[in-house]
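*Asks:* Handing you a structure now.
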Number of protein chains: 2
Amino acid sequence: MNEELEILYEKLKYFFENRMFADLRMTMLDTLPADLASFMEDNLTEKEQIMFFRLLPKELASDVFIETDSDTQEALIRTFTDKELKAVIDDMFLDDTVDIIEEMPANVVKRILKNSDPENRKQINELLKYPDDSAGSIMTTEYISLSARSTVEQAFDKIAKQGINKETVYTCYVTDSKKHLIGVVTVKDMLFADKTDVIENIMEPNVVTVETLDDKEEVALKFSRYDFIALPVTDHEGCIVGIVTVDDAVDVIQEEATEDIQKMAAITPTEKAYLKQSVGSIWLARFPWLVLLMITSTLTSIILSGYESKLSPVLYAFVPMLMGTAGNAGGQSSATLIRALALCEVEPKDVFKVVLKELGVALLVGLTIGVVCFAKLMLLDRLYDNSITANVAFIISLVCLISIVMAKLVGCLLPVLAKKIRLDPAVFANPVMTTIVDALSLIIYCTVSIAILG
Amino acid sequence: MNEELEILYEKLKYFFENRMFADLRMTMLDTLPADLASFMEDNLTEKEQIMFFRLLPKELASDVFIETDSDTQEALIRTFTDKELKAVIDDMFLDDTVDIIEEMPANVVKRILKNSDPENRKQINELLKYPDDSAGSIMTTEYISLSARSTVEQAFDKIAKQGINKETVYTCYVTDSKKHLIGVVTVKDMLFADKTDVIENIMEPNVVTVETLDDKEEVALKFSRYDFIALPVTDHEGCIVGIVTVDDAVDVIQEEATEDIQKMAAITPTEKAYLKQSVGSIWLARFPWLVLLMITSTLTSIILSGYESKLSPVLYAFVPMLMGTAGNAGGQSSATLIRALALCEVEPKDVFKVVLKELGVALLVGLTIGVVCFAKLMLLDRLYDNSITANVAFIISLVCLISIVMAKLVGCLLPVLAKKIRLDPAVFANPVMTTIVDALSLIIYCTVSIAILG
């Protein structure tokens with residue numbers, strides 16, 4: 001947190017605690033909604049939060065409400081009268097209302113819907129039907145539509161009349177009488193045109209659209225590819241049903257990256273901030289994966305028990321090093337591919353290109369690491385373990401090479417194949433991949449050493 | 001890639017190969033610059049790319065140029081005449097020119113600067129001075145500034161005159177005669193105001209700003225927190241020197257997430273797409289980390305050699321399982337904290353809150369995993385290894401518990417302490433953390449088993 005914000009929070013706290021409400025309100029007006037929300041959540045008790053919220057100037061209330069987390073929202077709604085609730089809801093964009101509803105228990109949802117305008121209620125119910133990860137779930141139905149035949153002047157009039165309730169006015173959508181999307185026109189285009197120009201002549205007829213059921217991650221990638229500030233969402237008949245704005249795309253990009261990092265570390269993903277999660281919920285997100293991985297690692301114990309009498313102690317001492325190196329080598333490949341797949345830089349059809357490239361890298365890495373490993377064994381490890389012979393060093397280095405090649409192939413193949421069969425590639429990151437690679441490299445180790453040492 | 005785009009690419013390829021240039025140009029005009037760039041790069045040879053680029057309608061050339069990757073850009077520039085180069089540069093925004101320059105070899109940079117307008121050249125040189133990760137490095141100097149005393153009508157006139165060359169016209173910056181930033185006003189505000197209103201009365205005087213040397217990751221977080229489409233960049237005297245637009249923030253968010261995922265997998269980060277990296281450069285990004293980790297893992301070999309005669313074979317067989325579980329448990333904590341620190345949800349000053357929370361989670365996870373581990377040993381592992389006694393199972397489960405608690409504490413502390421001393425927390429992800437945790441859990445294993453079995 002920067003200094004300026006800290007000073008602001010000190011001021012808010014001081015005025016609030018000393019009941020200096022006039023000063024408090026003045027300071028609130030100078031503070032952005034997102035900052036007011038985090039001030040409330042980080043500095044006040046639940047009771048104080050409710051009081052603080054009631055002191056907010058009317059025009060700020062719903063903006064601050066949107067920015068608080070769902071627990072606070074629920075607590076606030078429970079203290080609202082119906083009239084207060086209605087005021088807050090009426091002031092929100094529909095996509096924000098829908099986001100909030102999705103996190104609330106049934107009785108709160110009922111109250112929200114009861115206190116919405118009939119027209120809004122209908123649209124909220126429509127939006128609630130879209131699947132969780134779809135474009136429909138992050139879109140809003142509040143956009144400006146224009147007729148192709150109106151003039152720029154008429155368009156500006158319409159924006160001035162309707163724009164206040166729209167999530168963006170800068171991109172307007174040109175539709176025919178059946179709501180088919182036939183073009184887009186930006187306010188920038190209109191500012192550079194004559195007032196008498198007809199929209200049809202200045203609009204862009206080639207529109208990049210997304211469909212309601214498209215994955216929201218793909219929608220976010222379109223924003224990063226084309227640099228738009230809004231994208232229209234159409235149904236399967238090409239009729240516009242809503243828009244997604246860039247601020248929602250930014251949130252999706254952040255959330256998806258967080259989700260991937262969590263999955264890659266064997267954690268069930270959550271959108272909640274770390275410090276706001278309870279110990280129990282963190283346990284629940286982590287425990288099942290550890291159990292699963294522990295049970296799979298039984299494989300390594302079986303292999304080691306089986307070879308017990310055949311592996312000399314000097315070789316045992318290098319099992320962790322070999323398994324670690326193979327795991328790290330495989331983890332590099334799987335992380336690279338998981339990210340490349342998430343950004344659509346690589347697609348399942350590229351599987352041969354990927355395997356060829358990783359094979360090249362794996363051989364190069366394997367050979368160089370093998371050489372370094374041999375040198376390390378002869379120069380460093382012999383200092384504390386004089387049973388390391390050139391023969392032993394050769395076996396360990398050779399296994400290092402083979403394991404790295406194996407690990408890198410497994411590491412690049414698993415995510416690509418997962419995507420192919422529509423599983424989430426992120427699941428095949430380090431933990432899962434390592435369990436497989438661990439077992440395979442142990443088998444290689446035992447086989448090679450028995451073959452050479454007899 | 002979606003179907004529509006594939007059809008478009010087929011058409012472009014057909015017209016290009018059959019030299020149907022009129023049709024080609026028509027199709028080009030219907031295609032977005034980012035799509036034309038990826039068509040060129042994915043379907044044409046370097047020679048064809050140059051020819052294809054020359055066929056682009058003038059108004060598209062620089063937009064397509066920006067979207068190609070730096071190797072293609074360099075190849076294209078080498079074929080440009082000075083006049084062509086000047087045309088492309090004049091048509092670009094300054095921040096894009098700077099981005100390109102940063103990737104080019106010295107002789108190309110020289111040519112670009114030589115062919116820029118003197119005024120632009122001065123500004124480019126200024127922008128080039130900002131450090132790589134700073135707000136200054138992603139800003140552009142092309143924004144609209146307004147005087148506080150002008151009317152809305154005058155402001156619109158200014159936008160119509162100057163706006164065509166500005167990266168965004170939707171947020172305008174109000175400055176005094178010394179370029180101090182005194183407010184912002186959006187086109188939306190102006191559209192809802194009267195033409196005769198004075199800017200001073202409708203502008204927002206509380207402006208969220210960033211400074212030139214702020215980390216670009218912090219800048220991106222401000223976009224995701226406040227939902228802006230542009231942010232002003234000021235120097236230390238509060239004078240506006242440029243703006244950052246949301247499309248650049250989106251790129252930063254994507255890149256930083258990719259970078260963190262790469263670092264967390266022990267890879268030197270790169271911005272280049274996977275399929276465009278050479279085998280040699282991938283090797284270089286991965287090899288040094290593997291060597292470093294392999295050398296550190298010598299610790300585990302030293303410990304195992306030392307305890308060689310004291311650890312019974314049945315205990316040896318569970319070394320990989322124990323180290324794996326501890327590594328995964330620690331990896332969960334470190335990944336969680338690395339992400340939370342990157343999103344500024346957690347700051348170094350929260351270290352005690354973090355340790356308390358992780359300790360709670362660790363004990364809960366450790367106890368439950370310990371119980372599951374004991375059950376697994378007695379019910380499953382005894383099937384293939386009948387030397388597992390209740391005593392052995394107890395030792396292994398107890399070590400499992402202790403290692404998990406240790407691993408989770410190490411996993412949460414390393415990233416937070418790294419941030420505290422201004423190191424990158426992502427470096428202390430799974431690979432590095434695992435090497436430490438591996439050695440510690442081995443020591444715990446040997447100590448506990450000797451203490452109990454004697």
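We label chains A, B, ... in the order they appear in the structure tokens, count residues from 1 in each chain, and number ligands from 1 in the order shown.
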Would you list the contacts of range 305-316 of chain A as an NGL selection string, taking every protein, DNA or RNA residue within 7 Å and counting only C-alpha atoms, but skipping same-chain residues closer than 3 positions in sequence?
*Replies:* (:A and (301-302 or 319 or 387-388)) or (:B and (308 or 313 or 317 or 385))
*Asks:* Name the residues in contact with Ala265 in chain B at a cut-off of 9 Å, using only C-alpha atoms, excluding same-chain residues fewer than 2 positions from it; report them as a list in words.
*Replies:*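 Near Ala265 in chain B, the qualifying residues are Asn328, Ala329, Gly331, Gln332, Ser333, Ser334, Ala335, Thr336 and Asn430 of chain A; Asp260, Ile261, Gln262, Lys263, Ile267, Val427, Ala429, Asn430 and Pro431 of chain B.
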*Asks:* Please produce a file of those selected residues containing C-alpha atoms, as a JSON list (two decimals), in the first residue's frame.
*Replies:*
[["chain", "number", "residue", "atom", "x", "y", "z"],
["A", 328, "ASN", "CA", 12.62, -30.24, -12.04],
["A", 329, "ALA", "CA", 13.42, -30.95, -15.70],
["A", 331, "GLY", "CA", 8.38, -29.36, -14.33],
["A", 332, "GLN", "CA", 10.09, -26.86, -16.63],
["A", 333, "SER", "CA", 8.48, -28.47, -19.67],
["A", 334, "SER", "CA", 5.03, -28.89, -18.17],
["A", 335, "ALA", "CA", 4.88, -25.32, -16.82],
["A", 336, "THR", "CA", 5.98, -23.96, -20.20],
["A", 430, "ASN", "CA", 4.69, -30.38, -11.12],
["B", 260, "ASP", "CA", 6.02, -15.74, -12.50],
["B", 261, "ILE", "CA", 4.97, -19.16, -13.78],
["B", 262, "GLN", "CA", 8.31, -19.50, -15.57],
["B", 263, "LYS", "CA", 10.30, -18.47, -12.51],
["B", 267, "ILE", "CA", 13.15, -21.17, -15.96],
["B", 427, "VAL", "CA", 12.32, -17.61, -7.18],
["B", 429, "ALA", "CA", 8.83, -21.58, -5.55],
["B", 430, "ASN", "CA", 8.76, -25.33, -5.75],
["B", 431, "PRO", "CA", 12.24, -26.14, -7.13]]
*Asks:* Skip range 283-286 of chain B itself and residues of its chain fewer than 4 positions away, then list as a PDB file with N, CA and C atoms, in the first residue's frame all residues within 9 Å of it, counting only C-alpha atoms.
*Replies:*
ATOM      1  N   ALA A 329      13.328 -31.016 -14.234  1.00  0.00           N
ATOM      2  CA  ALA A 329      13.415 -30.951 -15.699  1.00  0.00           C
ATOM      3  C   ALA A 329      12.019 -31.100 -16.314  1.00  0.00           C
ATOM      4  N   GLN A 332       9.829 -27.959 -15.692  1.00  0.00           N
ATOM      5  CA  GLN A 332      10.092 -26.859 -16.632  1.00  0.00           C
ATOM      6  C   GLN A 332       9.251 -27.027 -17.890  1.00  0.00           C
ATOM      7  N   VAL A 361      15.590 -30.100 -26.898  1.00  0.00           N
ATOM      8  CA  VAL A 361      16.006 -29.452 -25.652  1.00  0.00           C
ATOM      9  C   VAL A 361      16.433 -30.508 -24.633  1.00  0.00           C
ATOM     10  N   ALA A 362      15.640 -31.604 -24.553  1.00  0.00           N
ATOM     11  CA  ALA A 362      15.901 -32.628 -23.545  1.00  0.00           C
ATOM     12  C   ALA A 362      17.265 -33.286 -23.771  1.00  0.00           C
ATOM     13  N   LEU A 364      19.847 -31.968 -25.298  1.00  0.00           N
ATOM     14  CA  LEU A 364      20.870 -30.974 -24.999  1.00  0.00           C
ATOM     15  C   LEU A 364      21.035 -30.809 -23.484  1.00  0.00           C
ATOM     16  N   VAL A 365      19.897 -30.643 -22.799  1.00  0.00           N
ATOM     17  CA  VAL A 365      19.939 -30.492 -21.342  1.00  0.00           C
ATOM     18  C   VAL A 365      20.483 -31.772 -20.702  1.00  0.00           C
TER      19      VAL A 365
ATOM     20  N   ALA B 266      11.515 -22.720 -12.311  1.00  0.00           N
ATOM     21  CA  ALA B 266      12.965 -22.664 -12.479  1.00  0.00           C
ATOM     22  C   ALA B 266      13.382 -22.501 -13.937  1.00  0.00           C
ATOM     23  N   ILE B 267      12.774 -21.510 -14.593  1.00  0.00           N
ATOM     24  CA  ILE B 267      13.146 -21.171 -15.964  1.00  0.00           C
ATOM     25  C   ILE B 267      13.435 -19.669 -15.986  1.00  0.00           C
ATOM     26  N   THR B 268      14.503 -19.260 -16.670  1.00  0.00           N
ATOM     27  CA  THR B 268      14.735 -17.833 -16.857  1.00  0.00           C
ATOM     28  C   THR B 268      13.635 -17.284 -17.755  1.00  0.00           C
ATOM     29  N   PRO B 269      12.895 -16.261 -17.295  1.00  0.00           N
ATOM     30  CA  PRO B 269      11.711 -15.812 -18.045  1.00  0.00           C
ATOM     31  C   PRO B 269      12.047 -15.234 -19.416  1.00  0.00           C
ATOM     32  N   THR B 270      11.143 -15.427 -20.351  1.00  0.00           N
ATOM     33  CA  THR B 270      11.256 -14.825 -21.671  1.00  0.00           C
ATOM     34  C   THR B 270       9.861 -14.420 -22.119  1.00  0.00           C
ATOM     35  N   SER B 278      14.135 -20.824 -30.044  1.00  0.00           N
ATOM     36  CA  SER B 278      15.008 -21.870 -30.586  1.00  0.00           C
ATOM     37  C   SER B 278      15.344 -22.866 -29.471  1.00  0.00           C
ATOM     38  N   VAL B 279      15.745 -24.077 -29.900  1.00  0.00           N
ATOM     39  CA  VAL B 279      16.132 -25.102 -28.933  1.00  0.00           C
ATOM     40  C   VAL B 279      17.271 -24.588 -28.050  1.00  0.00           C
ATOM     41  N   LEU B 290      18.846 -26.043 -13.477  1.00  0.00           N
ATOM     42  CA  LEU B 290      18.944 -27.461 -13.151  1.00  0.00           C
ATOM     43  C   LEU B 290      20.298 -27.784 -12.525  1.00  0.00           C
TER      44      LEU B 290
END
*Asks:* If I take CA of Val88 in chain A and CA of Ala34 in chain A, how far is one from the other in Å, to one decimal?
*Replies:*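 Calculated distance between CA of Val88 in chain A and CA of Ala34 in chain A is 16.0 Å.
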*Asks:* Output as a PyMOL selection string all residues of range 232-363 of chain A that backbone DSSP marks as strand (DSSP E or B).
*Replies:* chain A and resi 232-234+239-245
*Asks:* For each of B:Ile124, B:Met26, B:Leu417, B:Ile395, take the minimum atom-to-atom distance to Glu347 in chain B, counting only C-alpha atoms, then give the residue where this is smallest.
*Replies:*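 Going through B:Ile124, B:Met26, B:Leu417, B:Ile395 one by one, the smallest distance to Glu347 in chain B is for B:Leu417.
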*Asks:* Leaving out range 241-243 of chain B and any residue of its chain fewer than 5 positions from it, which residues lie within 6 Å of it when counting only C-alpha atoms, given as a list in words?
*Replies:*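 So, after excluding close chain neighbours, the residues are Met139, Thr140, Thr141, Leu231, Pro232, Val233 and Thr234 of chain B.
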*Asks:* With distances taken over only C-alpha atoms, which of A:Asn125, A:Ser177, A:Thr27, A:Thr151 is nearest to chain B?
*Replies:*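 Of all the options, A:Thr27 lies closest to chain B.
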*Asks:* For a quick check of understanding, using only C-alpha atoms, which of A:Arg78, A:Lys166, A:Arg339, A:His236 has the smallest distance to chain B?
*Replies:*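 Distance minimum relative to chain B lands on A:Arg339.
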*Asks:* Fewer than 4 positions away in the same chain doesn't count, so skip those; otherwise give me all residues within 10 Å of Pro131 in chain A, counting only C-alpha atoms, as a PyMOL selection string.
*Replies:* chain A and resi 127+135-138+212-215
*Asks:* In Å, rounded to a single decimal, give me how far CA of Thr245 in chain B is from CA of Phe228 in chain B.
*Replies:*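 A separation of 8.6 Å between them.
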*Asks:* I need the residue nearest chain A from this list: B:Ala155, B:Ile101, B:Leu275, B:Val184. Use only C-alpha atoms for the distance.
*Replies:* B:Leu275
*Asks:* Find the residues around Glu41 in chain B up to 8 Å (only C-alpha atoms counted), leave out those fewer than 5 positions away in its own chain, and share them as a PyMOL selection string.
*Replies:* chain B and resi 49+68+72
*Asks:* Okay, now the selection with N, CA and C atoms, as a short mmCIF file (atom, residue, chain, number, x, y, z; two decimals), in the first residue's frame?
*Replies:*
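Written output follows (result-v6.cif):
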data_model
loop_
_atom_site.label_atom_id
_atom_site.label_comp_id
_atom_site.auth_asym_id
_atom_site.auth_seq_id
_atom_site.Cartn_x
_atom_site.Cartn_y
_atom_site.Cartn_z
N GLN B 49 6.77 -12.92 -46.57
CA GLN B 49 6.30 -11.93 -45.59
C GLN B 49 6.57 -10.51 -46.07
N THR B 68 3.59 -7.71 -35.33
CA THR B 68 4.50 -8.82 -35.63
C THR B 68 5.57 -8.92 -34.55
N THR B 72 10.57 -10.61 -37.04
CA THR B 72 9.94 -10.20 -38.29
C THR B 72 10.11 -8.70 -38.50
#
*Asks:* Just to confirm, what's the straight-line distance from CA of Ser403 in chain B to CA of Ser441 in chain B in Å (one decimal)?
*Replies:* 5.3 Å
